[in-house]
Amino acid sequence: MEELNPFPFIFKTQFDFEFEDIREKVEDYIKRSKEITEKEGLITPERDGGITTVVLDDFPHLWEEMEPLKEFLAECVGQYWRRMNFHTGLSKDVVRSWINKHPQGGWTGEHNHHGICIAVACYLHVPPGSGRLMVKNPMMPYKMSEPLHPSFFPMGMEWNYIDVKTNDMLLFPGWLNHKTEVNETNQDRYIMSLNIKSE
C-alpha cells in the first residue's frame, strides 16, 4: 500500500553551510548567549545542556559568511510560497535567526514559531546518530474521535521522526509543533533556525 501525502507541510533541501569555516565564530556567539541566559535567568526551549542564541539581537543569517545562503534561501522560500499557494503580493522577510547547540544529552523541547509564516531549520553540523527532528501530528485534535490504542500516547505515536544530516535544510509552517531527539553522541549538534514572516 502506498502512503500518500496530499497536504505537504515539510520540505527538505540541501545547502553547504561550510560549518568548519565558521565554527569558531559560532562558538563565540553561543558562549556570549550562554552568559546572558545564565546571568538573566532566561527560560528557553533548550533542555539538559542545550544552548540557544535566540536571546541575542545579533542574527547569524546577516553574517558576511552567510551571504551565499541568501539567494538560495530566497529561491527555496519562493518555491515553498508557490507550492502552498500563498498570496503573491506579500513580503517574505527573514525577521530573526539563531543557533542551537546540543552537546551530549542536549535537546530542544516542544515548541512552535508563533506568528511566523515559515520556519527554516538549517543543519549546520549533525554527527551521525545525534538525533532527528520530531514533528507533532497537526491532526491530533481530530484523532480524539478515533479508537486510539492505550499505548498511543505512552509510545509517543503522536510524533513523526524526520532524519536529518549535515547541510540539510527544512522549511515548514511556523504553527507546526516540533522538538528534537536527545543528542546521544559525544559530539555537538548545531542547528541554525530562521523565521520568515509575511507583511
# chains A, B, ... in the order shown; residues from 1 in each chain; ligands from 1

$ residues_around --residues "Arg96 in chain A" --least-positions-apart "5" --cutoff "10 Å" --atoms "only C-alpha atoms" --output "ChimeraX atom specification"
/A:54,56-62,193-197

$ write_last_selection --atoms "N, CA, C and O atoms" --output "PDB file, in the first residue's frame"
ATOM      1  N   VAL A  54      18.859  32.474  20.750  1.00  0.00           N
ATOM      2  CA  VAL A  54      17.625  33.196  20.452  1.00  0.00           C
ATOM      3  C   VAL A  54      17.478  34.442  21.321  1.00  0.00           C
ATOM      4  O   VAL A  54      16.714  35.358  20.986  1.00  0.00           O
ATOM      5  N   LEU A  56      19.733  36.680  21.761  1.00  0.00           N
ATOM      6  CA  LEU A  56      20.571  37.755  21.227  1.00  0.00           C
ATOM      7  C   LEU A  56      19.874  38.481  20.079  1.00  0.00           C
ATOM      8  O   LEU A  56      19.029  37.913  19.387  1.00  0.00           O
ATOM      9  N   ASP A  57      20.275  39.732  19.846  1.00  0.00           N
ATOM     10  CA  ASP A  57      19.746  40.500  18.713  1.00  0.00           C
ATOM     11  C   ASP A  57      20.746  40.560  17.564  1.00  0.00           C
ATOM     12  O   ASP A  57      20.612  41.385  16.662  1.00  0.00           O
ATOM     13  N   ASP A  58      21.726  39.720  17.607  1.00  0.00           N
ATOM     14  CA  ASP A  58      22.736  39.602  16.550  1.00  0.00           C
ATOM     15  C   ASP A  58      22.372  38.346  15.761  1.00  0.00           C
ATOM     16  O   ASP A  58      22.510  37.235  16.263  1.00  0.00           O
ATOM     17  N   PHE A  59      21.877  38.524  14.542  1.00  0.00           N
ATOM     18  CA  PHE A  59      21.302  37.408  13.799  1.00  0.00           C
ATOM     19  C   PHE A  59      22.315  36.801  12.825  1.00  0.00           C
ATOM     20  O   PHE A  59      22.835  37.499  11.941  1.00  0.00           O
ATOM     21  N   PRO A  60      22.585  35.493  12.939  1.00  0.00           N
ATOM     22  CA  PRO A  60      23.626  34.876  12.104  1.00  0.00           C
ATOM     23  C   PRO A  60      23.328  34.876  10.603  1.00  0.00           C
ATOM     24  O   PRO A  60      24.264  34.829   9.813  1.00  0.00           O
ATOM     25  N   HIS A  61      22.061  34.961  10.203  1.00  0.00           N
ATOM     26  CA  HIS A  61      21.788  34.998   8.756  1.00  0.00           C
ATOM     27  C   HIS A  61      22.323  36.289   8.124  1.00  0.00           C
ATOM     28  O   HIS A  61      22.473  36.363   6.905  1.00  0.00           O
ATOM     29  N   LEU A  62      22.649  37.287   8.961  1.00  0.00           N
ATOM     30  CA  LEU A  62      23.204  38.545   8.458  1.00  0.00           C
ATOM     31  C   LEU A  62      24.724  38.556   8.441  1.00  0.00           C
ATOM     32  O   LEU A  62      25.322  39.529   7.969  1.00  0.00           O
ATOM     33  N   SER A 193      18.265  28.264  13.037  1.00  0.00           N
ATOM     34  CA  SER A 193      16.848  28.438  12.716  1.00  0.00           C
ATOM     35  C   SER A 193      16.612  29.846  12.199  1.00  0.00           C
ATOM     36  O   SER A 193      17.247  30.804  12.654  1.00  0.00           O
ATOM     37  N   LEU A 194      15.679  29.966  11.246  1.00  0.00           N
ATOM     38  CA  LEU A 194      15.302  31.275  10.702  1.00  0.00           C
ATOM     39  C   LEU A 194      13.785  31.363  10.694  1.00  0.00           C
ATOM     40  O   LEU A 194      13.098  30.372  10.431  1.00  0.00           O
ATOM     41  N   ASN A 195      13.273  32.548  10.951  1.00  0.00           N
ATOM     42  CA  ASN A 195      11.840  32.810  10.885  1.00  0.00           C
ATOM     43  C   ASN A 195      11.548  33.698   9.689  1.00  0.00           C
ATOM     44  O   ASN A 195      12.131  34.787   9.561  1.00  0.00           O
ATOM     45  N   ILE A 196      10.625  33.235   8.837  1.00  0.00           N
ATOM     46  CA  ILE A 196      10.190  34.013   7.676  1.00  0.00           C
ATOM     47  C   ILE A 196       8.802  34.555   7.993  1.00  0.00           C
ATOM     48  O   ILE A 196       7.870  33.785   8.275  1.00  0.00           O
ATOM     49  N   LYS A 197       8.662  35.869   7.933  1.00  0.00           N
ATOM     50  CA  LYS A 197       7.370  36.498   8.225  1.00  0.00           C
ATOM     51  C   LYS A 197       6.865  37.238   6.993  1.00  0.00           C
ATOM     52  O   LYS A 197       7.653  37.741   6.193  1.00  0.00           O
TER      53      LYS A 197
END

$ select_by_dssp --residues "range 66-153 of chain A" --states "strand (DSSP E)" --output "VMD selection string"
chain A and resid 93 to 102 107 to 108 118 to 125 133 to 136

$ write_last_selection --atoms "C-alpha atoms" --output "PDB file, in the first residue's frame"
ATOM      1  CA  ASP A  93      11.299  38.561   5.163  1.00  0.00           C
ATOM      2  CA  VAL A  94      13.738  36.789   7.474  1.00  0.00           C
ATOM      3  CA  VAL A  95      12.920  38.533  10.757  1.00  0.00           C
ATOM      4  CA  ARG A  96      15.122  36.534  13.126  1.00  0.00           C
ATOM      5  CA  SER A  97      17.707  33.778  13.175  1.00  0.00           C
ATOM      6  CA  TRP A  98      19.604  31.958  15.907  1.00  0.00           C
ATOM      7  CA  ILE A  99      21.766  28.889  16.509  1.00  0.00           C
ATOM      8  CA  ASN A 100      21.161  25.984  18.881  1.00  0.00           C
ATOM      9  CA  LYS A 101      23.938  23.773  20.192  1.00  0.00           C
ATOM     10  CA  HIS A 102      23.192  20.340  21.631  1.00  0.00           C
ATOM     11  CA  TRP A 107      17.836  18.684  23.053  1.00  0.00           C
ATOM     12  CA  THR A 108      15.110  21.209  22.199  1.00  0.00           C
ATOM     13  CA  ILE A 118       7.722  29.718   7.525  1.00  0.00           C
ATOM     14  CA  ALA A 119      10.209  28.214   9.975  1.00  0.00           C
ATOM     15  CA  VAL A 120      13.527  27.138   8.490  1.00  0.00           C
ATOM     16  CA  ALA A 121      15.893  24.667  10.181  1.00  0.00           C
ATOM     17  CA  CYS A 122      19.455  24.624   8.842  1.00  0.00           C
ATOM     18  CA  TYR A 123      21.502  21.645   9.982  1.00  0.00           C
ATOM     19  CA  LEU A 124      24.994  23.117  10.248  1.00  0.00           C
ATOM     20  CA  HIS A 125      26.600  20.056  11.847  1.00  0.00           C
ATOM     21  CA  LEU A 133      13.637  16.285  14.230  1.00  0.00           C
ATOM     22  CA  MET A 134      10.318  15.321  15.801  1.00  0.00           C
ATOM     23  CA  VAL A 135       7.091  16.784  14.408  1.00  0.00           C
ATOM     24  CA  LYS A 136       3.778  16.544  16.221  1.00  0.00           C
TER      25      LYS A 136
END

$ atom_distance --atom1 "CA of Gln104 in chain A" --atom2 "CA of Val182 in chain A"
7.7 Å

$ closest_residue --among "A:Glu65, A:Pro138, A:Asn186, A:Leu90" --to "Arg23 in chain A" --atoms "only C-alpha atoms"
A:Glu65

$ closest_residue --among "A:Met144, A:Asn112, A:Pro6, A:Phe11" --to "Gln79 in chain A" --atoms "only C-alpha atoms"
A:Phe11

$ select_by_dssp --residues "range 66-187 of chain A" --states "helix (DSSP H, G or I)" --output "JSON list (two decimals) with all heavy atoms, in the first residue's frame"
[["chain", "number", "residue", "atom", "x", "y", "z"],
["A", 66, "MET", "N", 27.38, 34.15, 5.75],
["A", 66, "MET", "CA", 26.11, 33.57, 5.32],
["A", 66, "MET", "C", 25.58, 34.20, 4.03],
["A", 66, "MET", "O", 24.49, 33.85, 3.57],
["A", 66, "MET", "CB", 25.06, 33.73, 6.43],
["A", 66, "MET", "CG", 25.33, 32.88, 7.64],
["A", 66, "MET", "SD", 25.18, 31.11, 7.28],
["A", 66, "MET", "CE", 25.64, 30.40, 8.87],
["A", 67, "GLU", "N", 26.33, 35.10, 3.45],
["A", 67, "GLU", "CA", 25.89, 35.77, 2.22],
["A", 67, "GLU", "C", 25.50, 34.80, 1.11],
["A", 67, "GLU", "O", 24.47, 35.00, 0.45],
["A", 67, "GLU", "CB", 26.99, 36.73, 1.74],
["A", 67, "GLU", "CG", 26.56, 37.68, 0.64],
["A", 67, "GLU", "CD", 25.50, 38.68, 1.09],
["A", 67, "GLU", "OE1", 25.49, 39.07, 2.27],
["A", 67, "GLU", "OE2", 24.68, 39.06, 0.24],
["A", 68, "PRO", "N", 26.26, 33.71, 0.88],
["A", 68, "PRO", "CA", 25.86, 32.76, -0.18],
["A", 68, "PRO", "C", 24.50, 32.11, 0.07],
["A", 68, "PRO", "O", 23.85, 31.65, -0.87],
["A", 68, "PRO", "CB", 26.98, 31.71, -0.15],
["A", 68, "PRO", "CG", 28.14, 32.39, 0.46],
["A", 68, "PRO", "CD", 27.56, 33.35, 1.46],
["A", 69, "LEU", "N", 24.06, 32.06, 1.34],
["A", 69, "LEU", "CA", 22.79, 31.44, 1.67],
["A", 69, "LEU", "C", 21.60, 32.28, 1.20],
["A", 69, "LEU", "O", 20.53, 31.73, 0.88],
["A", 69, "LEU", "CB", 22.70, 31.21, 3.19],
["A", 69, "LEU", "CG", 21.39, 30.68, 3.76],
["A", 69, "LEU", "CD1", 21.07, 29.30, 3.20],
["A", 69, "LEU", "CD2", 21.44, 30.66, 5.28],
["A", 70, "LYS", "N", 21.75, 33.60, 1.14],
["A", 70, "LYS", "CA", 20.61, 34.50, 0.90],
["A", 70, "LYS", "C", 19.87, 34.18, -0.40],
["A", 70, "LYS", "O", 18.65, 34.05, -0.41],
["A", 70, "LYS", "CB", 21.07, 35.96, 0.90],
["A", 70, "LYS", "CG", 21.41, 36.48, 2.27],
["A", 70, "LYS", "CD", 21.79, 37.94, 2.23],
["A", 70, "LYS", "CE", 22.17, 38.44, 3.61],
["A", 70, "LYS", "NZ", 22.61, 39.83, 3.57],
["A", 71, "GLU", "N", 20.59, 34.08, -1.50],
["A", 71, "GLU", "CA", 19.95, 33.83, -2.79],
["A", 71, "GLU", "C", 19.30, 32.44, -2.81],
["A", 71, "GLU", "O", 18.18, 32.28, -3.31],
["A", 71, "GLU", "CB", 20.97, 33.95, -3.92],
["A", 71, "GLU", "CG", 20.36, 33.86, -5.30],
["A", 71, "GLU", "CD", 21.38, 34.10, -6.40],
["A", 71, "GLU", "OE1", 22.39, 34.79, -6.16],
["A", 71, "GLU", "OE2", 21.16, 33.56, -7.50],
["A", 72, "PHE", "N", 20.00, 31.46, -2.28],
["A", 72, "PHE", "CA", 19.46, 30.10, -2.24],
["A", 72, "PHE", "C", 18.20, 30.05, -1.40],
["A", 72, "PHE", "O", 17.19, 29.46, -1.78],
["A", 72, "PHE", "CB", 20.52, 29.14, -1.69],
["A", 72, "PHE", "CG", 20.06, 27.71, -1.63],
["A", 72, "PHE", "CD1", 20.03, 26.92, -2.76],
["A", 72, "PHE", "CD2", 19.66, 27.15, -0.42],
["A", 72, "PHE", "CE1", 19.61, 25.60, -2.71],
["A", 72, "PHE", "CE2", 19.23, 25.83, -0.35],
["A", 72, "PHE", "CZ", 19.21, 25.06, -1.51],
["A", 73, "LEU", "N", 18.23, 30.70, -0.23],
["A", 73, "LEU", "CA", 17.08, 30.72, 0.66],
["A", 73, "LEU", "C", 15.89, 31.41, -0.01],
["A", 73, "LEU", "O", 14.76, 30.94, 0.08],
["A", 73, "LEU", "CB", 17.43, 31.42, 1.97],
["A", 73, "LEU", "CG", 16.31, 31.51, 3.01],
["A", 73, "LEU", "CD1", 15.86, 30.12, 3.45],
["A", 73, "LEU", "CD2", 16.77, 32.33, 4.21],
["A", 74, "ALA", "N", 16.15, 32.53, -0.69],
["A", 74, "ALA", "CA", 15.07, 33.25, -1.37],
["A", 74, "ALA", "C", 14.39, 32.36, -2.41],
["A", 74, "ALA", "O", 13.16, 32.37, -2.53],
["A", 74, "ALA", "CB", 15.62, 34.52, -2.03],
["A", 75, "GLU", "N", 15.18, 31.58, -3.14],
["A", 75, "GLU", "CA", 14.61, 30.66, -4.14],
["A", 75, "GLU", "C", 13.78, 29.57, -3.46],
["A", 75, "GLU", "O", 12.68, 29.25, -3.91],
["A", 75, "GLU", "CB", 15.72, 30.05, -4.99],
["A", 75, "GLU", "CG", 15.25, 29.00, -5.97],
["A", 75, "GLU", "CD", 14.21, 29.50, -6.97],
["A", 75, "GLU", "OE1", 14.28, 30.69, -7.34],
["A", 75, "GLU", "OE2", 13.34, 28.71, -7.38],
["A", 76, "CYS", "N", 14.28, 29.02, -2.37],
["A", 76, "CYS", "CA", 13.55, 27.97, -1.65],
["A", 76, "CYS", "C", 12.24, 28.50, -1.07],
["A", 76, "CYS", "O", 11.20, 27.84, -1.16],
["A", 76, "CYS", "CB", 14.42, 27.40, -0.53],
["A", 76, "CYS", "SG", 15.83, 26.46, -1.11],
["A", 77, "VAL", "N", 12.29, 29.68, -0.48],
["A", 77, "VAL", "CA", 11.09, 30.29, 0.09],
["A", 77, "VAL", "C", 10.08, 30.57, -1.02],
["A", 77, "VAL", "O", 8.88, 30.36, -0.85],
["A", 77, "VAL", "CB", 11.44, 31.56, 0.89],
["A", 77, "VAL", "CG1", 10.18, 32.34, 1.25],
["A", 77, "VAL", "CG2", 12.22, 31.20, 2.15],
["A", 78, "GLY", "N", 10.56, 31.02, -2.18],
["A", 78, "GLY", "CA", 9.68, 31.25, -3.32],
["A", 78, "GLY", "C", 8.98, 29.98, -3.77],
["A", 78, "GLY", "O", 7.77, 29.98, -4.05],
["A", 79, "GLN", "N", 9.73, 28.88, -3.83],
["A", 79, "GLN", "CA", 9.13, 27.60, -4.21],
["A", 79, "GLN", "C", 8.09, 27.15, -3.18],
["A", 79, "GLN", "O", 7.01, 26.68, -3.54],
["A", 79, "GLN", "CB", 10.22, 26.52, -4.34],
["A", 79, "GLN", "CG", 11.11, 26.68, -5.54],
["A", 79, "GLN", "CD", 12.15, 25.57, -5.61],
["A", 79, "GLN", "OE1", 11.86, 24.41, -5.32],
["A", 79, "GLN", "NE2", 13.37, 25.92, -5.97],
["A", 80, "TYR", "N", 8.44, 27.29, -1.90],
["A", 80, "TYR", "CA", 7.50, 26.93, -0.83],
["A", 80, "TYR", "C", 6.23, 27.77, -0.97],
["A", 80, "TYR", "O", 5.12, 27.25, -0.86],
["A", 80, "TYR", "CB", 8.19, 27.19, 0.52],
["A", 80, "TYR", "CG", 7.39, 26.80, 1.73],
["A", 80, "TYR", "CD1", 7.65, 25.62, 2.40],
["A", 80, "TYR", "CD2", 6.38, 27.62, 2.24],
["A", 80, "TYR", "CE1", 6.93, 25.25, 3.54],
["A", 80, "TYR", "CE2", 5.66, 27.28, 3.36],
["A", 80, "TYR", "CZ", 5.94, 26.10, 4.01],
["A", 80, "TYR", "OH", 5.22, 25.74, 5.12],
["A", 81, "TRP", "N", 6.40, 29.07, -1.19],
["A", 81, "TRP", "CA", 5.29, 30.01, -1.30],
["A", 81, "TRP", "C", 4.32, 29.57, -2.40],
["A", 81, "TRP", "O", 3.11, 29.54, -2.19],
["A", 81, "TRP", "CB", 5.84, 31.39, -1.62],
["A", 81, "TRP", "CG", 5.07, 32.52, -1.06],
["A", 81, "TRP", "CD1", 4.14, 33.29, -1.72],
["A", 81, "TRP", "CD2", 5.16, 33.06, 0.26],
["A", 81, "TRP", "NE1", 3.66, 34.27, -0.89],
["A", 81, "TRP", "CE2", 4.27, 34.16, 0.33],
["A", 81, "TRP", "CE3", 5.92, 32.74, 1.39],
["A", 81, "TRP", "CZ2", 4.11, 34.91, 1.49],
["A", 81, "TRP", "CZ3", 5.77, 33.49, 2.52],
["A", 81, "TRP", "CH2", 4.86, 34.56, 2.57],
["A", 82, "ARG", "N", 4.91, 29.24, -3.56],
["A", 82, "ARG", "CA", 4.07, 28.81, -4.69],
["A", 82, "ARG", "C", 3.39, 27.48, -4.40],
["A", 82, "ARG", "O", 2.21, 27.29, -4.71],
["A", 82, "ARG", "CB", 4.91, 28.72, -5.96],
["A", 82, "ARG", "CG", 5.36, 30.09, -6.49],
["A", 82, "ARG", "CD", 6.07, 30.00, -7.82],
["A", 82, "ARG", "NE", 7.34, 29.30, -7.77],
["A", 82, "ARG", "CZ", 8.49, 29.87, -7.41],
["A", 82, "ARG", "NH1", 8.52, 31.15, -7.06],
["A", 82, "ARG", "NH2", 9.61, 29.17, -7.40],
["A", 83, "ARG", "N", 4.13, 26.54, -3.79],
["A", 83, "ARG", "CA", 3.59, 25.21, -3.52],
["A", 83, "ARG", "C", 2.42, 25.28, -2.52],
["A", 83, "ARG", "O", 1.46, 24.53, -2.62],
["A", 83, "ARG", "CB", 4.69, 24.29, -2.98],
["A", 83, "ARG", "CG", 4.26, 22.88, -2.69],
["A", 83, "ARG", "CD", 3.84, 22.16, -3.97],
["A", 83, "ARG", "NE", 3.48, 20.78, -3.71],
["A", 83, "ARG", "CZ", 2.24, 20.39, -3.36],
["A", 83, "ARG", "NH1", 1.27, 21.27, -3.24],
["A", 83, "ARG", "NH2", 1.99, 19.11, -3.14],
["A", 140, "MET", "N", -3.93, 15.97, 15.53],
["A", 140, "MET", "CA", -4.26, 15.37, 16.83],
["A", 140, "MET", "C", -5.64, 15.75, 17.37],
["A", 140, "MET", "O", -6.33, 14.89, 17.91],
["A", 140, "MET", "CB", -3.18, 15.72, 17.85],
["A", 140, "MET", "CG", -1.88, 14.93, 17.70],
["A", 140, "MET", "SD", -2.12, 13.16, 17.54],
["A", 140, "MET", "CE", -2.96, 12.78, 19.08],
["A", 141, "PRO", "N", -6.11, 16.99, 17.23],
["A", 141, "PRO", "CA", -7.45, 17.29, 17.76],
["A", 141, "PRO", "C", -8.54, 16.43, 17.11],
["A", 141, "PRO", "O", -9.53, 16.10, 17.76],
["A", 141, "PRO", "CB", -7.65, 18.78, 17.41],
["A", 141, "PRO", "CG", -6.26, 19.32, 17.30],
["A", 141, "PRO", "CD", -5.44, 18.19, 16.74],
["A", 142, "TYR", "N", -8.33, 16.05, 15.87],
["A", 142, "TYR", "CA", -9.32, 15.25, 15.15],
["A", 142, "TYR", "C", -9.18, 13.76, 15.45],
["A", 142, "TYR", "O", -10.13, 13.01, 15.32],
["A", 142, "TYR", "CB", -9.23, 15.52, 13.65],
["A", 142, "TYR", "CG", -9.32, 16.99, 13.35],
["A", 142, "TYR", "CD1", -8.17, 17.74, 13.08],
["A", 142, "TYR", "CD2", -10.54, 17.66, 13.40],
["A", 142, "TYR", "CE1", -8.26, 19.10, 12.85],
["A", 142, "TYR", "CE2", -10.63, 19.02, 13.16],
["A", 142, "TYR", "CZ", -9.48, 19.74, 12.89],
["A", 142, "TYR", "OH", -9.56, 21.09, 12.67],
["A", 143, "LYS", "N", -8.00, 13.36, 15.87],
["A", 143, "LYS", "CA", -7.77, 11.95, 16.20],
["A", 143, "LYS", "C", -8.45, 11.57, 17.52],
["A", 143, "LYS", "O", -8.58, 10.39, 17.82],
["A", 143, "LYS", "CB", -6.28, 11.64, 16.24],
["A", 143, "LYS", "CG", -5.62, 11.69, 14.87],
["A", 143, "LYS", "CD", -4.20, 11.19, 14.89],
["A", 143, "LYS", "CE", -4.10, 9.69, 15.02],
["A", 143, "LYS", "NZ", -4.72, 8.92, 13.95]]

$ closest_residue --among "A:Phe152, A:Phe17, A:Tyr161, A:Trp63" --to "Tyr190 in chain A" --atoms "only C-alpha atoms"
A:Phe17

$ atom_distance --atom1 "CA of Ser33 in chain A" --atom2 "CA of Thr53 in chain A"
5.2 Å

$ residues_around --residues "Gly105 in chain A" --least-positions-apart "4" --cutoff "9 Å" --atoms "only C-alpha atoms" --output "JSON list (two decimals) with N, CA, C and O atoms, in the first residue's frame"
[["chain", "number", "residue", "atom", "x", "y", "z"],
["A", 47, "ARG", "N", 17.04, 22.06, 26.50],
["A", 47, "ARG", "CA", 16.99, 21.20, 27.67],
["A", 47, "ARG", "C", 18.30, 20.44, 27.87],
["A", 47, "ARG", "O", 18.99, 20.11, 26.90],
["A", 48, "ASP", "N", 18.60, 20.15, 29.12],
["A", 48, "ASP", "CA", 19.70, 19.25, 29.50],
["A", 48, "ASP", "C", 21.03, 19.60, 28.84],
["A", 48, "ASP", "O", 21.71, 18.75, 28.29],
["A", 49, "GLY", "N", 21.38, 20.88, 28.92],
["A", 49, "GLY", "CA", 22.67, 21.32, 28.39],
["A", 49, "GLY", "C", 22.60, 21.96, 27.03],
["A", 49, "GLY", "O", 23.59, 22.51, 26.55],
["A", 50, "GLY", "N", 21.44, 21.91, 26.38],
["A", 50, "GLY", "CA", 21.27, 22.59, 25.10],
["A", 50, "GLY", "C", 21.37, 24.10, 25.30],
["A", 50, "GLY", "O", 20.97, 24.63, 26.33],
["A", 182, "VAL", "N", 17.05, 13.71, 21.77],
["A", 182, "VAL", "CA", 18.25, 13.94, 22.58],
["A", 182, "VAL", "C", 19.48, 13.55, 21.76],
["A", 182, "VAL", "O", 19.49, 12.54, 21.05],
["A", 183, "ASN", "N", 20.53, 14.37, 21.85],
["A", 183, "ASN", "CA", 21.80, 14.03, 21.22],
["A", 183, "ASN", "C", 22.49, 12.99, 22.11],
["A", 183, "ASN", "O", 22.96, 13.32, 23.19],
["A", 184, "GLU", "N", 22.54, 11.76, 21.64],
["A", 184, "GLU", "CA", 23.13, 10.67, 22.43],
["A", 184, "GLU", "C", 24.62, 10.49, 22.14],
["A", 184, "GLU", "O", 25.27, 9.66, 22.78],
["A", 185, "THR", "N", 25.17, 11.25, 21.21],
["A", 185, "THR", "CA", 26.58, 11.08, 20.85],
["A", 185, "THR", "C", 27.46, 11.97, 21.72],
["A", 185, "THR", "O", 26.97, 12.83, 22.46],
["A", 186, "ASN", "N", 28.76, 11.80, 21.61],
["A", 186, "ASN", "CA", 29.69, 12.65, 22.36],
["A", 186, "ASN", "C", 30.19, 13.82, 21.50],
["A", 186, "ASN", "O", 31.18, 14.46, 21.83]]

$ atom_distance --atom1 "CA of Glu18 in chain A" --atom2 "CA of Pro173 in chain A"
26.1 Å

$ closest_residue --among "A:Gly174, A:Pro150, A:Pro45, A:Pro8" --to "Gly109 in chain A" --atoms "only C-alpha atoms"
A:Pro45

$ decode --residues "range 119-125 of chain A" --atoms "all heavy atoms" --output "short mmCIF file (atom, residue, chain, number, x, y, z; two decimals), in the first residue's frame"
data_model
loop_
_atom_site.label_atom_id
_atom_site.label_comp_id
_atom_site.auth_asym_id
_atom_site.auth_seq_id
_atom_site.Cartn_x
_atom_site.Cartn_y
_atom_site.Cartn_z
N ALA A 119 9.04 28.49 9.14
CA ALA A 119 10.21 28.21 9.98
C ALA A 119 11.21 27.44 9.12
O ALA A 119 10.82 26.56 8.35
CB ALA A 119 9.81 27.40 11.20
N VAL A 120 12.47 27.80 9.25
CA VAL A 120 13.53 27.14 8.49
C VAL A 120 14.55 26.58 9.48
O VAL A 120 15.01 27.30 10.36
CB VAL A 120 14.23 28.11 7.51
CG1 VAL A 120 15.29 27.39 6.69
CG2 VAL A 120 13.21 28.80 6.59
N ALA A 121 14.87 25.30 9.34
CA ALA A 121 15.89 24.67 10.18
C ALA A 121 17.07 24.30 9.29
O ALA A 121 16.92 23.56 8.32
CB ALA A 121 15.33 23.43 10.86
N CYS A 122 18.23 24.85 9.61
CA CYS A 122 19.46 24.62 8.84
C CYS A 122 20.40 23.77 9.68
O CYS A 122 20.85 24.21 10.75
CB CYS A 122 20.13 25.95 8.51
SG CYS A 122 19.10 27.11 7.58
N TYR A 123 20.70 22.60 9.21
CA TYR A 123 21.50 21.65 9.98
C TYR A 123 22.98 21.85 9.67
O TYR A 123 23.53 21.27 8.74
CB TYR A 123 21.00 20.22 9.71
CG TYR A 123 19.63 20.04 10.31
CD1 TYR A 123 18.48 20.39 9.61
CD2 TYR A 123 19.49 19.61 11.63
CE1 TYR A 123 17.23 20.29 10.19
CE2 TYR A 123 18.24 19.52 12.22
CZ TYR A 123 17.12 19.85 11.50
OH TYR A 123 15.87 19.77 12.08
N LEU A 124 23.61 22.72 10.47
CA LEU A 124 24.99 23.12 10.25
C LEU A 124 25.96 21.97 10.46
O LEU A 124 26.92 21.80 9.71
CB LEU A 124 25.36 24.27 11.18
CG LEU A 124 24.49 25.52 11.12
CD1 LEU A 124 24.97 26.54 12.14
CD2 LEU A 124 24.48 26.11 9.71
N HIS A 125 25.70 21.18 11.52
CA HIS A 125 26.60 20.06 11.85
C HIS A 125 25.81 19.03 12.64
O HIS A 125 25.38 19.30 13.77
CB HIS A 125 27.80 20.55 12.66
CG HIS A 125 28.77 19.47 13.00
ND1 HIS A 125 29.59 18.88 12.06
CD2 HIS A 125 29.04 18.87 14.18
CE1 HIS A 125 30.34 17.95 12.65
NE2 HIS A 125 30.02 17.92 13.94
#
